[in-house]
file target-v3.cif (mmCIF, C-alpha atoms and all ligand atoms)
data_final
loop_
_atom_site.label_atom_id
_atom_site.label_comp_id
_atom_site.auth_asym_id
_atom_site.auth_seq_id
_atom_site.Cartn_x
_atom_site.Cartn_y
_atom_site.Cartn_z
CA MET A 841 34.01 61.54 -10.53
CA ALA A 842 31.33 61.37 -13.26
CA LYS A 843 31.34 64.14 -15.90
CA PRO A 844 28.68 66.63 -14.75
CA PHE A 845 25.46 67.18 -16.68
CA SER A 846 25.76 70.31 -18.86
CA PHE A 847 23.60 72.10 -21.42
CA LYS A 848 25.01 74.64 -23.88
CA VAL A 849 23.00 76.81 -26.29
CA LEU A 850 25.15 76.92 -29.46
CA ALA A 851 22.90 79.05 -31.69
CA ILE A 852 19.62 80.93 -31.50
CA ASP A 853 17.30 81.80 -34.40
CA GLY A 854 14.30 83.75 -33.13
CA LYS A 855 13.18 81.68 -30.14
CA ALA A 856 14.50 78.43 -31.64
CA ARG A 857 17.65 77.08 -29.90
CA ARG A 858 20.34 74.75 -31.18
CA GLY A 859 22.06 73.20 -28.20
CA VAL A 860 23.82 70.18 -26.78
CA ILE A 861 23.38 68.30 -23.52
CA ASP A 862 26.58 66.60 -22.37
CA MET A 863 26.29 63.58 -20.06
CA PRO A 864 28.63 60.71 -19.06
CA ARG A 865 26.89 58.33 -21.50
CA GLY A 866 27.11 60.75 -24.41
CA GLU A 867 25.86 63.96 -26.01
CA ILE A 868 22.27 64.83 -26.87
CA ARG A 869 22.01 67.20 -29.85
CA THR A 870 19.05 69.54 -29.45
CA PRO A 871 16.40 70.05 -30.65
CA ALA A 872 16.16 66.30 -30.06
CA PHE A 873 13.48 63.68 -30.70
CA MET A 874 13.54 60.84 -28.16
CA PRO A 875 12.08 57.51 -29.39
CA VAL A 876 9.81 55.91 -26.79
CA GLY A 877 11.19 52.66 -25.41
CA THR A 878 8.38 51.93 -22.94
CA GLY A 879 9.24 48.42 -21.71
CA GLY A 880 12.96 48.70 -22.41
CA THR A 881 12.44 48.29 -26.14
CA VAL A 882 11.68 50.66 -29.00
CA LYS A 883 9.00 48.37 -30.43
CA THR A 884 10.09 46.34 -33.52
CA MET A 885 13.55 47.96 -33.63
CA TYR A 886 17.01 46.67 -32.80
CA MET A 887 18.84 49.21 -30.61
CA ASP A 888 21.66 49.58 -33.17
CA GLN A 889 18.99 50.56 -35.73
CA VAL A 890 17.63 53.18 -33.28
CA ARG A 891 21.15 54.56 -32.98
CA GLY A 892 21.62 54.22 -36.73
CA VAL A 893 18.73 56.56 -37.54
CA GLY A 894 20.42 59.19 -35.37
CA ALA A 895 18.79 58.98 -31.94
CA ASP A 896 21.03 60.20 -29.11
CA ILE A 897 18.63 59.26 -26.29
CA ILE A 898 15.58 57.02 -25.76
CA LEU A 899 12.78 57.00 -23.21
CA GLY A 900 11.99 54.34 -20.65
CA ASN A 901 8.87 54.04 -18.55
CA THR A 902 8.99 53.69 -14.76
CA TYR A 903 5.39 52.43 -14.62
CA HIS A 904 5.82 49.62 -17.13
CA LEU A 905 9.27 48.52 -15.94
CA MET A 906 8.33 48.48 -12.24
CA LEU A 907 5.42 46.15 -13.03
CA ARG A 908 7.41 43.96 -15.42
CA PRO A 909 10.22 42.82 -15.10
CA GLY A 910 10.53 44.86 -11.86
CA ALA A 911 12.96 47.69 -11.04
CA GLU A 912 14.98 45.65 -8.50
CA ARG A 913 15.39 42.86 -11.08
CA VAL A 914 16.65 45.33 -13.73
CA ALA A 915 19.09 46.71 -11.12
CA ARG A 916 20.35 43.19 -10.29
CA LEU A 917 20.93 42.68 -14.03
CA GLY A 918 23.06 45.81 -14.30
CA GLY A 919 20.51 48.55 -14.98
CA LEU A 920 18.37 49.43 -18.00
CA HIS A 921 21.27 50.29 -20.36
CA GLU A 922 22.87 46.87 -19.81
CA PHE A 923 19.48 45.08 -19.83
CA ALA A 924 18.34 46.63 -23.14
CA ARG A 925 21.84 46.97 -24.64
CA TRP A 926 21.47 50.75 -25.16
CA PRO A 927 24.71 52.38 -23.86
CA HIS A 928 23.62 55.98 -24.58
CA PRO A 929 21.49 58.31 -22.40
CA ILE A 930 18.02 57.24 -21.24
CA LEU A 931 15.28 59.53 -19.90
CA THR A 932 12.62 57.88 -17.77
CA ASP A 933 9.17 59.22 -17.07
CA SER A 934 8.15 59.14 -13.41
CA GLY A 935 5.13 56.86 -13.75
CA GLY A 936 2.31 59.09 -12.50
CA PHE A 937 1.01 59.88 -15.96
CA GLN A 938 0.89 56.18 -16.88
CA VAL A 939 -0.72 55.22 -13.54
CA MET A 940 -3.55 57.67 -14.25
CA SER A 941 -3.94 56.56 -17.87
CA LEU A 942 -3.38 52.80 -17.59
CA SER A 943 -3.86 51.39 -14.10
CA LYS A 944 -7.03 50.41 -12.27
CA LEU A 945 -8.47 51.36 -8.87
CA ARG A 946 -6.04 54.23 -8.42
CA LYS A 947 -6.19 56.56 -5.40
CA LEU A 948 -4.20 59.78 -5.32
CA THR A 949 -3.27 61.47 -2.00
CA GLU A 950 -0.63 63.93 -0.81
CA LYS A 951 1.63 60.94 -0.09
CA GLY A 952 1.49 59.61 -3.64
CA VAL A 953 -0.73 57.30 -5.67
CA THR A 954 -1.88 53.75 -4.92
CA PHE A 955 -3.06 51.61 -7.81
CA ARG A 956 -3.50 48.13 -9.15
CA SER A 957 -1.40 46.85 -12.04
CA HIS A 958 -3.18 46.75 -15.42
CA ILE A 959 -1.30 43.48 -16.01
CA ASP A 960 -2.26 41.31 -13.01
CA GLY A 961 -4.19 43.58 -10.63
CA ALA A 962 -1.44 43.50 -7.98
CA PRO A 963 -1.48 46.52 -5.61
CA TYR A 964 1.30 49.15 -5.75
CA GLU A 965 2.18 52.47 -4.14
CA MET A 966 4.03 55.24 -6.00
CA SER A 967 5.32 58.17 -3.97
CA PRO A 968 7.71 60.87 -5.24
CA GLU A 969 10.46 59.12 -3.28
CA ARG A 970 9.62 55.66 -4.69
CA SER A 971 9.50 57.04 -8.24
CA ILE A 972 13.01 58.51 -7.89
CA GLU A 973 14.18 55.28 -6.21
CA ILE A 974 12.87 53.21 -9.17
CA GLN A 975 14.45 55.54 -11.72
CA GLY A 976 17.72 55.19 -9.79
CA LEU A 977 17.42 51.37 -9.84
CA LEU A 978 17.00 51.61 -13.63
CA ASP A 979 20.17 53.78 -13.65
CA SER A 980 18.26 56.40 -15.65
CA ASP A 981 20.32 59.40 -16.80
CA ILE A 982 17.48 61.96 -16.83
CA GLN A 983 14.78 61.32 -14.25
CA MET A 984 11.39 63.04 -14.22
CA GLN A 985 9.65 64.27 -11.08
CA LEU A 986 6.41 62.57 -10.09
CA ASP A 987 3.57 64.84 -11.15
CA GLU A 988 -0.18 64.92 -11.65
CA CYS A 989 -1.26 65.68 -15.21
CA THR A 990 -4.79 67.06 -15.41
CA ALA A 991 -6.99 65.78 -18.22
CA LEU A 992 -8.46 68.68 -20.21
CA PRO A 993 -11.00 70.27 -20.18
CA ALA A 994 -11.02 70.79 -16.41
CA GLU A 995 -12.19 73.37 -13.85
CA MET A 996 -9.52 75.88 -12.78
CA LYS A 997 -9.75 74.70 -9.16
CA GLU A 998 -8.92 71.13 -10.24
CA ILE A 999 -6.04 72.28 -12.45
CA GLU A 1000 -4.74 74.46 -9.59
CA ARG A 1001 -4.94 71.61 -7.06
CA ALA A 1002 -2.97 69.25 -9.35
CA MET A 1003 -0.43 71.94 -10.23
CA GLU A 1004 0.25 72.79 -6.58
CA LEU A 1005 0.49 69.10 -5.63
CA SER A 1006 2.99 68.61 -8.45
CA LEU A 1007 5.09 71.49 -7.08
CA ARG A 1008 5.20 69.89 -3.62
CA TRP A 1009 6.11 66.56 -5.25
CA ALA A 1010 8.86 68.32 -7.21
CA GLU A 1011 10.43 69.45 -3.94
CA ARG A 1012 10.24 65.89 -2.55
CA CYS A 1013 11.74 64.45 -5.74
CA LYS A 1014 14.56 67.02 -5.62
CA THR A 1015 15.33 65.97 -2.03
CA ALA A 1016 15.14 62.25 -2.87
CA PHE A 1017 17.33 62.67 -5.97
CA GLY A 1018 19.99 64.56 -4.02
CA ASP A 1019 23.22 65.44 -5.81
CA GLN A 1020 24.11 63.05 -8.66
CA PRO A 1021 26.59 65.02 -10.88
CA GLY A 1022 26.35 62.85 -14.02
CA LYS A 1023 22.57 62.64 -13.88
CA ALA A 1024 19.66 65.09 -13.91
CA MET A 1025 16.19 65.39 -12.42
CA PHE A 1026 13.77 67.52 -14.45
CA GLY A 1027 10.78 69.34 -13.04
CA ILE A 1028 7.46 69.25 -14.90
CA VAL A 1029 5.40 72.41 -15.44
CA GLN A 1030 1.68 71.84 -15.01
CA GLY A 1031 -1.26 74.27 -15.08
CA GLY A 1032 -3.48 72.90 -17.85
CA ASP A 1033 -4.75 75.55 -20.27
CA ASN A 1034 -4.66 78.32 -17.64
CA ALA A 1035 -2.04 81.02 -18.26
CA ALA A 1036 -1.77 82.23 -14.66
CA LEU A 1037 -1.34 78.69 -13.31
CA ARG A 1038 1.28 77.90 -15.98
CA VAL A 1039 3.28 81.00 -14.98
CA ARG A 1040 3.06 80.13 -11.26
CA SER A 1041 4.20 76.56 -11.91
CA ALA A 1042 7.10 77.58 -14.17
CA GLN A 1043 8.31 80.30 -11.80
CA ALA A 1044 8.16 78.03 -8.73
CA LEU A 1045 10.02 75.23 -10.51
CA SER A 1046 12.63 77.67 -11.87
CA ALA A 1047 13.29 78.80 -8.30
CA MET A 1048 14.22 75.21 -7.42
CA GLY A 1049 17.31 75.44 -9.63
CA LEU A 1050 16.75 72.10 -11.40
CA LYS A 1051 18.91 70.86 -14.30
CA GLY A 1052 16.06 70.83 -16.80
CA TYR A 1053 12.36 71.52 -17.19
CA ALA A 1054 9.56 69.65 -18.90
CA VAL A 1055 6.29 71.18 -20.01
CA GLY A 1056 3.67 68.63 -19.03
CA GLY A 1057 -0.09 68.59 -19.05
CA LEU A 1058 -0.25 69.14 -22.81
CA ALA A 1059 -0.77 66.78 -25.76
CA VAL A 1060 -3.75 65.49 -23.82
CA GLY A 1061 -6.30 66.16 -26.57
CA GLU A 1062 -6.31 69.97 -26.57
CA PRO A 1063 -6.25 71.82 -29.92
CA GLN A 1064 -2.75 72.58 -31.25
CA ALA A 1065 -3.47 76.31 -30.88
CA VAL A 1066 -4.03 75.89 -27.12
CA MET A 1067 -0.82 73.88 -26.75
CA LEU A 1068 1.15 76.53 -28.62
CA GLU A 1069 -0.42 79.34 -26.59
CA MET A 1070 0.65 77.58 -23.38
CA LEU A 1071 4.21 77.36 -24.77
CA ASP A 1072 4.19 81.08 -25.56
CA ILE A 1073 3.29 81.68 -21.91
CA THR A 1074 5.47 79.03 -20.25
CA CYS A 1075 8.83 79.08 -22.07
CA PRO A 1076 9.71 82.70 -21.19
CA GLU A 1077 9.28 81.80 -17.49
CA LEU A 1078 11.86 78.99 -17.67
CA PRO A 1079 15.64 79.52 -17.38
CA ALA A 1080 17.18 80.19 -20.82
CA ASP A 1081 20.27 78.12 -19.95
CA LYS A 1082 18.39 74.89 -19.11
CA PRO A 1083 16.85 72.35 -21.53
CA ARG A 1084 13.09 72.44 -22.11
CA TYR A 1085 11.26 69.17 -22.85
CA LEU A 1086 7.69 69.13 -24.22
CA MET A 1087 6.23 65.81 -23.06
CA GLY A 1088 4.32 63.58 -25.46
CA VAL A 1089 4.76 65.79 -28.52
CA GLY A 1090 4.20 65.24 -31.32
CA THR A 1091 3.50 65.35 -35.03
CA PRO A 1092 6.20 66.82 -37.30
CA ASP A 1093 4.12 70.00 -37.50
CA ASP A 1094 3.80 70.19 -33.68
CA ILE A 1095 7.57 69.83 -33.42
CA LEU A 1096 8.34 72.62 -35.93
CA LYS A 1097 5.95 75.01 -34.20
CA SER A 1098 7.20 74.10 -30.70
CA VAL A 1099 10.89 74.49 -31.62
CA ALA A 1100 9.91 77.96 -32.87
CA ARG A 1101 8.69 78.68 -29.32
CA GLY A 1102 11.86 77.53 -27.55
CA ILE A 1103 11.41 73.79 -26.94
CA ASP A 1104 14.56 71.60 -27.07
CA MET A 1105 13.38 68.00 -26.47
CA PHE A 1106 10.45 65.93 -27.67
CA ASP A 1107 9.06 62.42 -27.26
CA CYS A 1108 6.05 60.84 -28.89
CA VAL A 1109 4.70 57.35 -29.60
CA MET A 1110 3.42 58.52 -33.01
CA PRO A 1111 6.28 57.38 -35.27
CA THR A 1112 6.50 53.96 -33.64
CA ARG A 1113 2.74 53.43 -33.13
CA ALA A 1114 1.95 54.66 -36.66
CA GLY A 1115 4.54 52.23 -38.05
CA ARG A 1116 2.70 49.33 -36.43
CA HIS A 1117 -0.55 50.53 -38.00
CA GLY A 1118 0.64 50.84 -41.60
CA LEU A 1119 1.26 54.59 -41.60
CA ALA A 1120 4.46 56.10 -43.04
CA TYR A 1121 5.77 59.60 -42.33
CA THR A 1122 7.60 61.10 -45.30
CA ARG A 1123 8.76 64.52 -46.48
CA ARG A 1124 5.66 64.54 -48.68
CA GLY A 1125 3.32 63.93 -45.73
CA LYS A 1126 1.73 60.75 -44.39
CA VAL A 1127 1.21 57.65 -46.57
CA ASN A 1128 -1.28 55.03 -45.43
CA LEU A 1129 0.07 51.76 -46.78
CA ARG A 1130 -3.20 49.99 -45.95
CA ASN A 1131 -4.76 51.87 -48.88
CA ALA A 1132 -5.38 49.70 -51.98
CA ARG A 1133 -3.96 52.44 -54.23
CA HIS A 1134 -0.49 51.15 -53.31
CA ALA A 1135 -1.11 47.54 -54.39
CA ASP A 1136 0.74 47.87 -57.73
CA ASP A 1137 3.02 50.82 -56.99
CA PRO A 1138 6.66 49.84 -57.61
CA ARG A 1139 8.06 53.09 -56.20
CA PRO A 1140 9.76 53.27 -52.77
CA LEU A 1141 8.43 55.61 -50.09
CA ASP A 1142 11.29 58.05 -50.74
CA GLU A 1143 14.01 57.38 -53.29
CA GLU A 1144 16.17 60.12 -51.71
CA SER A 1145 16.08 58.76 -48.16
CA ASP A 1146 19.18 57.21 -46.63
CA CYS A 1147 16.98 54.72 -44.75
CA PRO A 1148 16.77 51.32 -46.53
CA ALA A 1149 13.14 50.94 -45.39
CA ALA A 1150 12.21 54.11 -47.32
CA ARG A 1151 14.49 53.58 -50.31
CA ASP A 1152 14.76 49.85 -51.05
CA TYR A 1153 11.21 48.48 -50.79
CA SER A 1154 8.27 49.10 -53.11
CA ARG A 1155 5.02 50.53 -51.81
CA ALA A 1156 3.38 47.44 -53.29
CA TYR A 1157 5.49 45.23 -51.04
CA LEU A 1158 4.88 47.39 -47.97
CA HIS A 1159 1.14 47.35 -48.75
CA HIS A 1160 1.27 43.54 -49.02
CA LEU A 1161 3.10 43.22 -45.68
CA VAL A 1162 0.67 45.56 -43.93
CA ARG A 1163 -2.43 43.89 -45.38
CA SER A 1164 -1.02 40.46 -44.50
CA GLN A 1165 -0.18 41.67 -40.96
CA GLU A 1166 3.39 40.49 -41.47
CA ALA A 1167 5.77 41.55 -38.67
CA LEU A 1168 8.18 42.90 -41.29
CA GLY A 1169 5.60 45.53 -42.25
CA ALA A 1170 5.66 47.06 -38.75
CA MET A 1171 9.45 46.74 -38.62
CA LEU A 1172 10.08 48.53 -41.94
CA LEU A 1173 7.52 51.31 -41.37
CA THR A 1174 8.76 51.97 -37.81
CA TRP A 1175 12.30 52.12 -39.17
CA ASN A 1176 11.15 54.56 -41.87
CA ASN A 1177 9.22 56.72 -39.41
CA LEU A 1178 11.98 57.02 -36.82
CA SER A 1179 14.43 57.78 -39.63
CA TYR A 1180 12.13 60.50 -40.93
CA TYR A 1181 11.73 62.06 -37.46
CA GLN A 1182 15.48 62.08 -36.89
CA LYS A 1183 16.11 63.59 -40.34
CA LEU A 1184 13.55 66.29 -39.47
CA MET A 1185 15.45 67.07 -36.24
CA GLN A 1186 18.77 67.13 -38.15
CA ASP A 1187 17.29 69.61 -40.67
CA ILE A 1188 15.93 71.74 -37.82
CA ARG A 1189 19.29 71.81 -36.00
CA ALA A 1190 21.14 72.75 -39.21
CA ALA A 1191 18.61 75.47 -40.03
CA ILE A 1192 18.95 77.09 -36.58
CA GLU A 1193 22.77 77.00 -36.93
CA THR A 1194 22.52 78.94 -40.22
CA GLY A 1195 19.76 81.33 -39.12
CA SER A 1196 17.35 79.86 -41.69
CA PHE A 1197 14.93 78.06 -39.38
CA GLU A 1198 11.79 79.99 -40.43
CA ALA A 1199 12.46 79.56 -44.16
CA ARG A 1200 13.43 75.88 -43.80
CA GLY A 1201 10.35 75.23 -41.68
CA ALA A 1202 8.17 76.73 -44.39
CA GLU A 1203 9.84 74.53 -47.05
CA ILE A 1204 9.28 71.42 -44.93
CA SER A 1205 5.63 72.30 -44.36
CA GLU A 1206 5.12 72.95 -48.10
CA GLY A 1207 6.50 69.46 -48.78
CA TRP A 1208 3.82 67.95 -46.56
CA ALA A 1209 1.12 70.13 -48.13
CA ARG A 1210 2.08 69.06 -51.68
CA GLY A 1211 1.19 65.59 -50.51
CA ASP A 1212 2.36 62.26 -51.74
CA ILE A 1213 2.33 62.16 -55.52
C1 LIG B 1301 7.24 57.64 -21.97
C2 LIG B 1301 6.24 58.77 -22.01
C3 LIG B 1301 6.84 60.07 -21.68
S1 LIG B 1301 5.86 61.45 -21.84
C4 LIG B 1301 4.34 61.02 -21.00
C5 LIG B 1301 3.53 62.29 -20.81
C6 LIG B 1301 2.82 62.78 -21.87
C7 LIG B 1301 2.07 63.95 -21.73
N1 LIG B 1301 1.35 64.43 -22.81
C8 LIG B 1301 2.03 64.66 -20.53
C9 LIG B 1301 2.77 64.17 -19.43
C10 LIG B 1301 2.78 64.84 -18.16
O1 LIG B 1301 2.13 65.89 -17.95
N2 LIG B 1301 3.52 64.30 -17.16
C11 LIG B 1301 4.24 63.16 -17.34
N3 LIG B 1301 4.97 62.69 -16.31
N4 LIG B 1301 4.27 62.50 -18.51
C12 LIG B 1301 3.55 62.97 -19.56
#
call {"tool": "encode", "arguments": {"input": "target-v3.cif", "output": "structure tokens"}}
result
Amino acid sequence: MAKPFSFKVLAIDGKARRGVIDMPRGEIRTPAFMPVGTGGTVKTMYMDQVRGVGADIILGNTYHLMLRPGAERVARLGGLHEFARWPHPILTDSGGFQVMSLSKLRKLTEKGVTFRSHIDGAPYEMSPERSIEIQGLLDSDIQMQLDECTALPAEMKEIERAMELSLRWAERCKTAFGDQPGKAMFGIVQGGDNAALRVRSAQALSAMGLKGYAVGGLAVGEPQAVMLEMLDITCPELPADKPRYLMGVGTPDDILKSVARGIDMFDCVMPTRAGRHGLAYTRRGKVNLRNARHADDPRPLDEESDCPAARDYSRAYLHHLVRSQEALGAMLLTWNNLSYYQKLMQDIRAAIETGSFEARGAEISEGWARGDI
């Protein structure tokens, strides 16, 4: 019998929570940042490096993996953990968000969404049941419901329609997922930037008694203030004893401010995408290694970091690699960025444990504001 999924809140500081999710493939220390491993790879990183920077869990993408190499093929090869050689927990998104943002000729109905692959134009159908089936074929540990994320700004009627559809799809995903003790299916709160719709969505999902809850429909271009206001409204309507996952978020500043509002889990392409574009995240803020000012700078990104990419290479060398479009440039900066994000999460967890989250958050923010000397 697989060890059941469990979430424990170990410490609270204001609305910030230090917790731990326990699953058969390992523990997830929260607040947690989950590196995005879209096609079964965290781009430019070896999986033991991803683990080495402190990640407890990575993300996989139903949409990308169903198109290539195919969910049934991954299942025949032993599932995503075996395929990608990542033995720790994996959370998979349900695919709807990526269908709407990446695919062509898509048509959304009550049944689900039909679309054509952005890779070869082949036709596909994605229903709530098929999404859960695919996530099961991938042997995903935390599976997301199929939902419809409304692009903002949008009329209330449109936001309401998508939110209510997502609730009906949540019920269908819960039925399709059934009872899998060592795994979890999370619901996704929708409702755009409308307080009343956010409350209705959160309350209806909470009544379903799911193992965890995501806040979706944000980080879609709205101002940070609107995102934070929606968290102030949504989090109190979610069960205090279940993990809360803010999808697609975010910058280090977004993360600090969202932890302060009760969020436990984050994912974002920023650290990995920025690394491939010459941008480094550091405790002194962002450093754009494309900038010529680094051409003769012998200093490392951060002499105090425990990540070799931040400590052992000169800015001049990193600038050279980035300007020359050498693969090593993307590799080292991605390694630095993921290391920085995980160190941020480690600092946040420690601060909540000691009741010093607000003060530590202010110190971290001041470090960014001082800028890179
Ligand atoms: C691998 C990517 C995971 S997060 C993708 C994402 C990002 C953002 N910003 C919103 C949503 C959402 O509302 N629903 C779903 N399923 N996914 C979302």
call {"tool": "atom_distance", "arguments": {"input": "target-v3.cif", "atom1": "CA of Asn1128 (chain A)", "atom2": "CA of Leu1172 (chain A)"}}
result
13.5 Å
call {"tool": "closest_residue", "arguments": {"input": "target-v3.cif", "among": "A:Ala911, A:Met996, A:Val860, A:Val1029", "to": "ligand LIG 1301 (chain B)", "atoms": "all atoms listed in the file"}}
result
A:Val1029
call {"tool": "closest_residue", "arguments": {"input": "target-v3.cif", "among": "A:Glu1206, A:Glu1069, A:Asp1104, A:Glu988", "to": "ligand LIG 1301 (chain B)", "atoms": "only C-alpha atoms and all ligand atoms"}}
result
A:Glu988
call {"tool": "atom_distance", "arguments": {"input": "target-v3.cif", "atom1": "CA of Thr1091 (chain A)", "atom2": "CA of Val882 (chain A)"}}
result
17.9 Å
call {"tool": "residues_near_point", "arguments": {"input": "target-v3.cif", "point": "(12.1, 57.0, -47.5)", "cutoff": "8 Å", "atoms": "only C-alpha atoms", "output": "list of chain:residue names"}}
result
A:Thr1122, A:Pro1140, A:Leu1141, A:Asp1142, A:Glu1143, A:Glu1144, A:Ser1145, A:Asp1146, A:Cys1147, A:Pro1148, A:Ala1149, A:Ala1150, A:Arg1151, A:Asn1176, A:Tyr1180
call {"tool": "residues_near_ligand", "arguments": {"input": "target-v3.cif", "ligand": "ligand LIG 1301 (chain B)", "cutoff": "6 Å", "atoms": "all atoms listed in the file", "output": "MDAnalysis selection string"}}
result
chainID A and resid 876 878 899:901 933:934 936:937 987 989 1056:1060 1087:1088
call {"tool": "write_last_selection", "arguments": {"input": "target-v3.cif", "atoms": "C-alpha atoms", "output": "short mmCIF file (atom, residue, chain, number, x, y, z; two decimals), in the coordinates of the input"}}
result
data_model
loop_
_atom_site.label_atom_id
_atom_site.label_comp_id
_atom_site.auth_asym_id
_atom_site.auth_seq_id
_atom_site.Cartn_x
_atom_site.Cartn_y
_atom_site.Cartn_z
CA VAL A 876 9.81 55.91 -26.79
CA THR A 878 8.38 51.93 -22.94
CA LEU A 899 12.78 57.00 -23.21
CA GLY A 900 11.99 54.34 -20.65
CA ASN A 901 8.87 54.04 -18.55
CA ASP A 933 9.17 59.22 -17.07
CA SER A 934 8.15 59.14 -13.41
CA GLY A 936 2.31 59.09 -12.50
CA PHE A 937 1.01 59.88 -15.96
CA ASP A 987 3.57 64.84 -11.15
CA CYS A 989 -1.26 65.68 -15.21
CA GLY A 1056 3.67 68.63 -19.03
CA GLY A 1057 -0.09 68.59 -19.05
CA LEU A 1058 -0.25 69.14 -22.81
CA ALA A 1059 -0.77 66.78 -25.76
CA VAL A 1060 -3.75 65.49 -23.82
CA MET A 1087 6.23 65.81 -23.06
CA GLY A 1088 4.32 63.58 -25.46
#
call {"tool": "closest_residue", "arguments": {"input": "target-v3.cif", "among": "A:Thr954, A:Ser1196, A:Gln975, A:Thr1174", "to": "Ala851 (chain A)", "atoms": "only C-alpha atoms"}}
result
A:Ser1196
call {"tool": "atom_distance", "arguments": {"input": "target-v3.cif", "atom1": "CA of Gln1182 (chain A)", "atom2": "CA of Asp1152 (chain A)"}}
result
18.7 Å
call {"tool": "closest_residue", "arguments": {"input": "target-v3.cif", "among": "A:Asp853, A:Asp888, A:Gly880, A:Asp1136", "to": "Val914 (chain A)", "atoms": "all atoms listed in the file"}}
result
A:Gly880
call {"tool": "residues_around", "arguments": {"input": "target-v3.cif", "residues": "Arg956 (chain A)", "least_positions_apart": "5", "cutoff": "6 Å", "atoms": "all atoms listed in the file", "output": "ChimeraX atom specification"}}
result
/A:943-945,961-964
call {"tool": "residues_near_point", "arguments": {"input": "target-v3.cif", "point": "(-3.3, 72.9, -24.6)", "cutoff": "6 Å", "atoms": "only C-alpha atoms", "output": "ChimeraX atom specification"}}
result
/A:1033,1058,1062,1066-1067
call {"tool": "closest_residue", "arguments": {"input": "target-v3.cif", "among": "A:Phe955, A:His904, A:Gly910, A:Arg1210", "to": "Gly935 (chain A)", "atoms": "all atoms listed in the file"}}
result
A:His904
